[in-house]
file data31.txt (compact mmCIF, N, CA and C atoms)
# COMPACT_ATOMS: atom_id res chain seq x y z
N MET C 588 31.79 -11.04 -1.93
CA MET C 588 30.60 -10.24 -2.18
C MET C 588 29.43 -11.17 -2.49
N SER C 589 28.36 -11.04 -1.73
CA SER C 589 27.21 -11.92 -1.92
C SER C 589 26.26 -11.34 -2.97
N PRO C 590 25.52 -12.21 -3.64
CA PRO C 590 24.58 -11.73 -4.66
C PRO C 590 23.44 -10.95 -3.99
N PRO C 591 22.79 -10.08 -4.74
CA PRO C 591 21.68 -9.31 -4.16
C PRO C 591 20.54 -10.24 -3.75
N ALA C 592 19.82 -9.82 -2.73
CA ALA C 592 18.69 -10.62 -2.24
C ALA C 592 17.60 -10.65 -3.30
N PRO C 593 16.93 -11.77 -3.46
CA PRO C 593 15.84 -11.84 -4.43
C PRO C 593 14.68 -10.94 -3.98
N PRO C 594 13.87 -10.48 -4.93
CA PRO C 594 12.72 -9.63 -4.56
C PRO C 594 11.74 -10.41 -3.67
N THR C 595 11.13 -9.69 -2.77
CA THR C 595 10.15 -10.30 -1.87
C THR C 595 8.74 -10.15 -2.47
N VAL C 596 7.79 -10.78 -1.83
CA VAL C 596 6.39 -10.64 -2.25
C VAL C 596 5.98 -9.18 -2.14
N GLY C 597 6.40 -8.51 -1.07
CA GLY C 597 6.10 -7.09 -0.90
C GLY C 597 6.67 -6.25 -2.02
N ASP C 598 7.91 -6.53 -2.43
CA ASP C 598 8.52 -5.81 -3.55
C ASP C 598 7.68 -5.99 -4.82
N ARG C 599 7.31 -7.22 -5.08
CA ARG C 599 6.51 -7.52 -6.29
C ARG C 599 5.13 -6.86 -6.22
N LEU C 600 4.55 -6.83 -5.04
CA LEU C 600 3.23 -6.22 -4.88
C LEU C 600 3.29 -4.71 -5.15
N VAL C 601 4.28 -4.04 -4.61
CA VAL C 601 4.43 -2.60 -4.86
C VAL C 601 4.69 -2.36 -6.35
N GLU C 602 5.52 -3.17 -6.97
CA GLU C 602 5.76 -3.04 -8.41
C GLU C 602 4.47 -3.20 -9.20
N ALA C 603 3.65 -4.17 -8.82
CA ALA C 603 2.38 -4.41 -9.53
C ALA C 603 1.41 -3.25 -9.34
N ILE C 604 1.36 -2.70 -8.14
CA ILE C 604 0.49 -1.55 -7.88
C ILE C 604 0.89 -0.39 -8.78
N ILE C 605 2.18 -0.11 -8.85
CA ILE C 605 2.68 0.99 -9.68
C ILE C 605 2.46 0.68 -11.16
N ALA C 606 2.73 -0.54 -11.58
CA ALA C 606 2.58 -0.92 -12.99
C ALA C 606 1.14 -0.79 -13.47
N ASN C 607 0.19 -0.93 -12.55
CA ASN C 607 -1.22 -0.81 -12.91
C ASN C 607 -1.73 0.63 -12.82
N GLY C 608 -0.82 1.57 -12.64
CA GLY C 608 -1.18 2.98 -12.68
C GLY C 608 -1.67 3.56 -11.37
N CYS C 609 -1.48 2.87 -10.29
CA CYS C 609 -1.92 3.36 -8.99
C CYS C 609 -0.74 4.06 -8.31
N ASP C 610 -0.91 5.33 -7.98
CA ASP C 610 0.18 6.04 -7.32
C ASP C 610 -0.14 6.42 -5.88
N ARG C 611 -1.24 5.90 -5.34
CA ARG C 611 -1.61 6.12 -3.94
C ARG C 611 -2.15 4.81 -3.35
N VAL C 612 -1.78 4.55 -2.11
CA VAL C 612 -2.31 3.42 -1.36
C VAL C 612 -2.87 4.00 -0.06
N PHE C 613 -4.15 3.79 0.18
CA PHE C 613 -4.81 4.33 1.36
C PHE C 613 -4.86 3.26 2.44
N GLY C 614 -4.70 3.66 3.69
CA GLY C 614 -4.80 2.66 4.73
C GLY C 614 -4.40 3.10 6.11
N VAL C 615 -4.34 2.13 6.99
CA VAL C 615 -3.97 2.31 8.38
C VAL C 615 -2.78 1.39 8.64
N PRO C 616 -1.62 1.94 9.01
CA PRO C 616 -0.49 1.07 9.30
C PRO C 616 -0.80 0.16 10.49
N GLY C 617 -0.35 -1.06 10.42
CA GLY C 617 -0.58 -2.00 11.51
C GLY C 617 0.56 -2.99 11.62
N ASP C 618 0.52 -3.77 12.66
CA ASP C 618 1.63 -4.70 12.91
C ASP C 618 1.82 -5.72 11.79
N PHE C 619 0.74 -6.15 11.14
CA PHE C 619 0.86 -7.15 10.09
C PHE C 619 1.21 -6.53 8.73
N THR C 620 1.15 -5.22 8.62
CA THR C 620 1.42 -4.56 7.33
C THR C 620 2.66 -3.69 7.37
N ILE C 621 3.37 -3.68 8.47
CA ILE C 621 4.46 -2.73 8.65
C ILE C 621 5.59 -2.93 7.63
N LYS C 622 5.87 -4.17 7.25
CA LYS C 622 6.92 -4.40 6.25
C LYS C 622 6.52 -3.86 4.89
N LEU C 623 5.26 -4.04 4.52
CA LEU C 623 4.79 -3.50 3.25
C LEU C 623 4.75 -1.97 3.31
N ASN C 624 4.37 -1.42 4.46
CA ASN C 624 4.41 0.04 4.62
C ASN C 624 5.82 0.58 4.43
N SER C 625 6.81 -0.14 4.92
CA SER C 625 8.19 0.33 4.75
C SER C 625 8.61 0.29 3.28
N ARG C 626 8.09 -0.68 2.51
CA ARG C 626 8.37 -0.71 1.08
C ARG C 626 7.70 0.48 0.38
N LEU C 627 6.48 0.81 0.81
CA LEU C 627 5.77 1.95 0.22
C LEU C 627 6.46 3.27 0.58
N ASP C 628 7.13 3.32 1.73
CA ASP C 628 7.83 4.54 2.13
C ASP C 628 8.99 4.87 1.20
N GLN C 629 9.43 3.91 0.41
CA GLN C 629 10.49 4.16 -0.56
C GLN C 629 9.98 4.99 -1.73
N HIS C 630 8.67 5.18 -1.79
CA HIS C 630 8.02 6.00 -2.82
C HIS C 630 7.28 7.12 -2.08
N PRO C 631 7.95 8.25 -1.84
CA PRO C 631 7.35 9.32 -1.03
C PRO C 631 5.97 9.74 -1.53
N GLY C 632 5.05 9.87 -0.58
CA GLY C 632 3.70 10.30 -0.88
C GLY C 632 2.78 9.21 -1.39
N MET C 633 3.28 8.00 -1.54
CA MET C 633 2.45 6.92 -2.09
C MET C 633 1.45 6.41 -1.06
N PHE C 634 1.86 6.29 0.20
CA PHE C 634 0.94 5.82 1.24
C PHE C 634 0.23 6.99 1.86
N VAL C 635 -1.10 6.93 1.88
CA VAL C 635 -1.93 7.97 2.48
C VAL C 635 -2.62 7.35 3.69
N GLY C 636 -2.18 7.76 4.87
CA GLY C 636 -2.76 7.21 6.09
C GLY C 636 -4.13 7.81 6.37
N THR C 637 -5.02 6.97 6.87
CA THR C 637 -6.36 7.41 7.23
C THR C 637 -6.60 7.09 8.70
N CYS C 638 -7.67 7.66 9.26
CA CYS C 638 -7.97 7.45 10.68
C CYS C 638 -8.46 6.04 10.99
N ASP C 639 -9.15 5.43 10.04
CA ASP C 639 -9.66 4.08 10.27
C ASP C 639 -9.84 3.36 8.94
N GLU C 640 -10.15 2.07 9.03
CA GLU C 640 -10.26 1.23 7.84
C GLU C 640 -11.40 1.67 6.93
N GLN C 641 -12.51 2.11 7.53
CA GLN C 641 -13.65 2.56 6.73
C GLN C 641 -13.26 3.79 5.92
N GLY C 642 -12.54 4.70 6.54
CA GLY C 642 -12.08 5.89 5.84
C GLY C 642 -11.15 5.54 4.68
N ALA C 643 -10.30 4.54 4.88
CA ALA C 643 -9.40 4.09 3.81
C ALA C 643 -10.20 3.55 2.63
N GLY C 644 -11.23 2.77 2.94
CA GLY C 644 -12.07 2.22 1.88
C GLY C 644 -12.80 3.31 1.11
N PHE C 645 -13.36 4.28 1.83
CA PHE C 645 -14.06 5.38 1.16
C PHE C 645 -13.10 6.21 0.31
N ALA C 646 -11.90 6.49 0.84
CA ALA C 646 -10.92 7.28 0.09
C ALA C 646 -10.49 6.55 -1.17
N ALA C 647 -10.24 5.25 -1.05
CA ALA C 647 -9.83 4.47 -2.22
C ALA C 647 -10.95 4.39 -3.25
N ASP C 648 -12.20 4.28 -2.78
CA ASP C 648 -13.33 4.24 -3.70
C ASP C 648 -13.42 5.53 -4.50
N ALA C 649 -13.33 6.65 -3.82
CA ALA C 649 -13.39 7.95 -4.51
C ALA C 649 -12.22 8.11 -5.47
N TYR C 650 -11.03 7.71 -5.02
CA TYR C 650 -9.84 7.83 -5.86
C TYR C 650 -9.97 6.97 -7.11
N ALA C 651 -10.49 5.75 -6.96
CA ALA C 651 -10.65 4.86 -8.11
C ALA C 651 -11.69 5.40 -9.08
N ARG C 652 -12.72 6.04 -8.56
CA ARG C 652 -13.73 6.63 -9.45
C ARG C 652 -13.14 7.76 -10.27
N LEU C 653 -12.18 8.47 -9.70
CA LEU C 653 -11.54 9.58 -10.42
C LEU C 653 -10.38 9.12 -11.30
N ARG C 654 -9.60 8.15 -10.83
CA ARG C 654 -8.37 7.75 -11.52
C ARG C 654 -8.43 6.38 -12.18
N GLY C 655 -9.43 5.57 -11.85
CA GLY C 655 -9.56 4.26 -12.48
C GLY C 655 -9.04 3.10 -11.68
N VAL C 656 -8.15 3.34 -10.72
CA VAL C 656 -7.60 2.25 -9.91
C VAL C 656 -7.15 2.82 -8.56
N ALA C 657 -7.29 2.02 -7.52
CA ALA C 657 -6.85 2.42 -6.19
C ALA C 657 -6.47 1.18 -5.40
N ALA C 658 -5.79 1.41 -4.27
CA ALA C 658 -5.39 0.29 -3.42
C ALA C 658 -5.62 0.66 -1.95
N VAL C 659 -5.93 -0.36 -1.15
CA VAL C 659 -6.15 -0.19 0.29
C VAL C 659 -5.24 -1.18 1.01
N LEU C 660 -4.62 -0.72 2.08
CA LEU C 660 -3.76 -1.58 2.89
C LEU C 660 -4.15 -1.42 4.36
N VAL C 661 -4.76 -2.46 4.90
CA VAL C 661 -5.15 -2.45 6.32
C VAL C 661 -4.80 -3.80 6.93
N THR C 662 -4.80 -3.84 8.23
CA THR C 662 -4.57 -5.09 8.94
C THR C 662 -5.91 -5.61 9.45
N TRP C 663 -5.90 -6.67 10.20
CA TRP C 663 -7.15 -7.21 10.70
C TRP C 663 -7.13 -7.27 12.22
N GLY C 664 -8.28 -7.42 12.80
CA GLY C 664 -8.40 -7.51 14.23
C GLY C 664 -8.77 -6.18 14.86
N VAL C 665 -9.12 -6.24 16.10
CA VAL C 665 -9.51 -5.03 16.82
C VAL C 665 -8.28 -4.22 17.20
N GLY C 666 -8.39 -2.90 17.02
CA GLY C 666 -7.33 -1.98 17.44
C GLY C 666 -6.13 -2.03 16.60
call {"tool": "encode", "arguments": {"input": "data31.txt", "output": "structure tokens"}}
result
Amino acid sequence: MSPPAPPTVGDRLVEAIIANGCDRVFGVPGDFTIKLNSRLDQHPGMFVGTCDEQGAGFAADAYARLRGVAAVLVTWGVG
């Protein structure tokens, strides 16, 4: 029996987001963020998909104004 795998950066990032009181992450899934999106999927309803990056930023801004903290997850590049 092998020991459990050590936590990844993605695991630690999701833990930190939750520990700081953020229960929603707004964004657009992309090829460079897919592994982190799969970690967020372990917390149903935590990831809120938006139509584009600007919409994710606006949603997170409004959410942070109401709740005090928010997070955005987007990739880079065109399309």
call {"tool": "select_by_dssp", "arguments": {"input": "data31.txt", "residues": "chain C", "states": "strand (DSSP E or B)", "output": "ChimeraX atom specification"}}
result
/C:612-614,634-636,658-660
call {"tool": "closest_residue", "arguments": {"input": "data31.txt", "among": "C:Pro616, C:Pro631, C:Pro591, C:Gly642", "to": "Leu660 (chain C)", "atoms": "all atoms listed in the file"}}
result
C:Pro616
call {"tool": "select_by_dssp", "arguments": {"input": "data31.txt", "residues": "chain C", "states": "alpha helix (DSSP H)", "output": "ChimeraX atom specification"}}
result
/C:596-606,621-627,640-654
call {"tool": "closest_residue", "arguments": {"input": "data31.txt", "among": "C:Val661, C:Val612, C:Leu600, C:Ile605", "to": "Phe634 (chain C)", "atoms": "only N, CA and C atoms"}}
result
C:Val612
call {"tool": "closest_residue", "arguments": {"input": "data31.txt", "among": "C:Cys609, C:Ile604, C:Ala643, C:Val615", "to": "Gly655 (chain C)", "atoms": "only C-alpha atoms"}}
result
C:Cys609
call {"tool": "closest_residue", "arguments": {"input": "data31.txt", "among": "C:Asn624, C:Ala658, C:Gly608, C:Gly614", "to": "Asp639 (chain C)", "atoms": "only N, CA and C atoms"}}
result
C:Gly614
call {"tool": "atom_distance", "arguments": {"input": "data31.txt", "atom1": "atom C of Asp648 (chain C)", "atom2": "atom N of Gln629 (chain C)"}}
result
23.4 Å
call {"tool": "closest_residue", "arguments": {"input": "data31.txt", "among": "C:Asp618, C:Leu623, C:Arg611, C:Glu640", "to": "Arg654 (chain C)", "atoms": "only C-alpha atoms"}}
result
C:Arg611
call {"tool": "atom_distance", "arguments": {"input": "data31.txt", "atom1": "atom C of Ala651 (chain C)", "atom2": "atom N of Trp663 (chain C)"}}
result
23.5 Å
call {"tool": "closest_residue", "arguments": {"input": "data31.txt", "among": "C:Phe613, C:Ala606, C:Thr662, C:Leu653", "to": "Thr637 (chain C)", "atoms": "all atoms listed in the file"}}
result
C:Phe613
call {"tool": "atom_distance", "arguments": {"input": "data31.txt", "atom1": "atom C of Val601 (chain C)", "atom2": "atom N of Ala657 (chain C)"}}
result
12.8 Å
call {"tool": "build_atoms", "arguments": {"input": "data31.txt", "residues": "region 603-614 of chain C", "atoms": "all heavy atoms", "output": "PDB file, in the frame of the given file"}}
result
ATOM      1  N   ALA C 603       3.650  -4.170  -8.820  1.00  0.00           N
ATOM      2  CA  ALA C 603       2.380  -4.410  -9.530  1.00  0.00           C
ATOM      3  C   ALA C 603       1.410  -3.250  -9.340  1.00  0.00           C
ATOM      4  O   ALA C 603       0.709  -2.855 -10.274  1.00  0.00           O
ATOM      5  CB  ALA C 603       1.745  -5.710  -9.047  1.00  0.00           C
ATOM      6  N   ILE C 604       1.360  -2.700  -8.140  1.00  0.00           N
ATOM      7  CA  ILE C 604       0.490  -1.550  -7.880  1.00  0.00           C
ATOM      8  C   ILE C 604       0.890  -0.390  -8.780  1.00  0.00           C
ATOM      9  O   ILE C 604       0.057   0.238  -9.431  1.00  0.00           O
ATOM     10  CB  ILE C 604       0.549  -1.152  -6.388  1.00  0.00           C
ATOM     11  CG1 ILE C 604      -0.147  -2.209  -5.530  1.00  0.00           C
ATOM     12  CG2 ILE C 604      -0.072   0.220  -6.165  1.00  0.00           C
ATOM     13  CD1 ILE C 604       0.082  -2.039  -4.039  1.00  0.00           C
ATOM     14  N   ILE C 605       2.180  -0.110  -8.850  1.00  0.00           N
ATOM     15  CA  ILE C 605       2.680   0.990  -9.680  1.00  0.00           C
ATOM     16  C   ILE C 605       2.460   0.680 -11.160  1.00  0.00           C
ATOM     17  O   ILE C 605       2.023   1.551 -11.918  1.00  0.00           O
ATOM     18  CB  ILE C 605       4.166   1.249  -9.372  1.00  0.00           C
ATOM     19  CG1 ILE C 605       4.313   1.793  -7.947  1.00  0.00           C
ATOM     20  CG2 ILE C 605       4.763   2.211 -10.388  1.00  0.00           C
ATOM     21  CD1 ILE C 605       5.741   1.854  -7.451  1.00  0.00           C
ATOM     22  N   ALA C 606       2.730  -0.540 -11.580  1.00  0.00           N
ATOM     23  CA  ALA C 606       2.580  -0.920 -12.990  1.00  0.00           C
ATOM     24  C   ALA C 606       1.140  -0.790 -13.470  1.00  0.00           C
ATOM     25  O   ALA C 606       0.893  -0.559 -14.645  1.00  0.00           O
ATOM     26  CB  ALA C 606       3.079  -2.347 -13.206  1.00  0.00           C
ATOM     27  N   ASN C 607       0.190  -0.930 -12.550  1.00  0.00           N
ATOM     28  CA  ASN C 607      -1.220  -0.810 -12.910  1.00  0.00           C
ATOM     29  C   ASN C 607      -1.730   0.630 -12.820  1.00  0.00           C
ATOM     30  O   ASN C 607      -2.934   0.861 -12.893  1.00  0.00           O
ATOM     31  CB  ASN C 607      -2.066  -1.743 -12.051  1.00  0.00           C
ATOM     32  CG  ASN C 607      -1.972  -3.165 -12.550  1.00  0.00           C
ATOM     33  OD1 ASN C 607      -2.517  -3.487 -13.586  1.00  0.00           O
ATOM     34  ND2 ASN C 607      -1.259  -4.009 -11.822  1.00  0.00           N
ATOM     35  N   GLY C 608      -0.820   1.570 -12.640  1.00  0.00           N
ATOM     36  CA  GLY C 608      -1.180   2.980 -12.680  1.00  0.00           C
ATOM     37  C   GLY C 608      -1.670   3.560 -11.370  1.00  0.00           C
ATOM     38  O   GLY C 608      -2.216   4.665 -11.345  1.00  0.00           O
ATOM     39  N   CYS C 609      -1.480   2.870 -10.290  1.00  0.00           N
ATOM     40  CA  CYS C 609      -1.920   3.360  -8.990  1.00  0.00           C
ATOM     41  C   CYS C 609      -0.740   4.060  -8.310  1.00  0.00           C
ATOM     42  O   CYS C 609       0.308   3.450  -8.104  1.00  0.00           O
ATOM     43  CB  CYS C 609      -2.418   2.204  -8.133  1.00  0.00           C
ATOM     44  SG  CYS C 609      -3.168   2.736  -6.604  1.00  0.00           S
ATOM     45  N   ASP C 610      -0.910   5.330  -7.980  1.00  0.00           N
ATOM     46  CA  ASP C 610       0.180   6.040  -7.320  1.00  0.00           C
ATOM     47  C   ASP C 610      -0.140   6.420  -5.880  1.00  0.00           C
ATOM     48  O   ASP C 610       0.602   7.164  -5.256  1.00  0.00           O
ATOM     49  CB  ASP C 610       0.591   7.272  -8.120  1.00  0.00           C
ATOM     50  CG  ASP C 610      -0.537   8.274  -8.290  1.00  0.00           C
ATOM     51  OD1 ASP C 610      -1.665   7.988  -7.865  1.00  0.00           O
ATOM     52  OD2 ASP C 610      -0.279   9.346  -8.853  1.00  0.00           O
ATOM     53  N   ARG C 611      -1.240   5.900  -5.340  1.00  0.00           N
ATOM     54  CA  ARG C 611      -1.610   6.120  -3.940  1.00  0.00           C
ATOM     55  C   ARG C 611      -2.150   4.810  -3.350  1.00  0.00           C
ATOM     56  O   ARG C 611      -2.874   4.087  -4.006  1.00  0.00           O
ATOM     57  CB  ARG C 611      -2.693   7.179  -3.791  1.00  0.00           C
ATOM     58  CG  ARG C 611      -2.318   8.558  -4.260  1.00  0.00           C
ATOM     59  CD  ARG C 611      -1.359   9.242  -3.294  1.00  0.00           C
ATOM     60  NE  ARG C 611      -1.105  10.613  -3.697  1.00  0.00           N
ATOM     61  CZ  ARG C 611      -0.189  10.978  -4.579  1.00  0.00           C
ATOM     62  NH1 ARG C 611       0.548  10.067  -5.169  1.00  0.00           N
ATOM     63  NH2 ARG C 611      -0.001  12.239  -4.878  1.00  0.00           N
ATOM     64  N   VAL C 612      -1.780   4.550  -2.110  1.00  0.00           N
ATOM     65  CA  VAL C 612      -2.310   3.420  -1.360  1.00  0.00           C
ATOM     66  C   VAL C 612      -2.870   4.000  -0.060  1.00  0.00           C
ATOM     67  O   VAL C 612      -2.152   4.648   0.691  1.00  0.00           O
ATOM     68  CB  VAL C 612      -1.225   2.370  -1.048  1.00  0.00           C
ATOM     69  CG1 VAL C 612      -1.783   1.252  -0.193  1.00  0.00           C
ATOM     70  CG2 VAL C 612      -0.628   1.824  -2.340  1.00  0.00           C
ATOM     71  N   PHE C 613      -4.150   3.790   0.180  1.00  0.00           N
ATOM     72  CA  PHE C 613      -4.810   4.330   1.360  1.00  0.00           C
ATOM     73  C   PHE C 613      -4.860   3.260   2.440  1.00  0.00           C
ATOM     74  O   PHE C 613      -5.065   2.089   2.143  1.00  0.00           O
ATOM     75  CB  PHE C 613      -6.240   4.773   1.004  1.00  0.00           C
ATOM     76  CG  PHE C 613      -6.268   5.829  -0.067  1.00  0.00           C
ATOM     77  CD1 PHE C 613      -6.351   5.473  -1.400  1.00  0.00           C
ATOM     78  CD2 PHE C 613      -6.192   7.165   0.272  1.00  0.00           C
ATOM     79  CE1 PHE C 613      -6.362   6.433  -2.396  1.00  0.00           C
ATOM     80  CE2 PHE C 613      -6.200   8.143  -0.719  1.00  0.00           C
ATOM     81  CZ  PHE C 613      -6.296   7.778  -2.048  1.00  0.00           C
ATOM     82  N   GLY C 614      -4.700   3.660   3.690  1.00  0.00           N
ATOM     83  CA  GLY C 614      -4.800   2.660   4.730  1.00  0.00           C
ATOM     84  C   GLY C 614      -4.400   3.100   6.110  1.00  0.00           C
ATOM     85  O   GLY C 614      -4.133   4.273   6.362  1.00  0.00           O
TER      86      GLY C 614
END
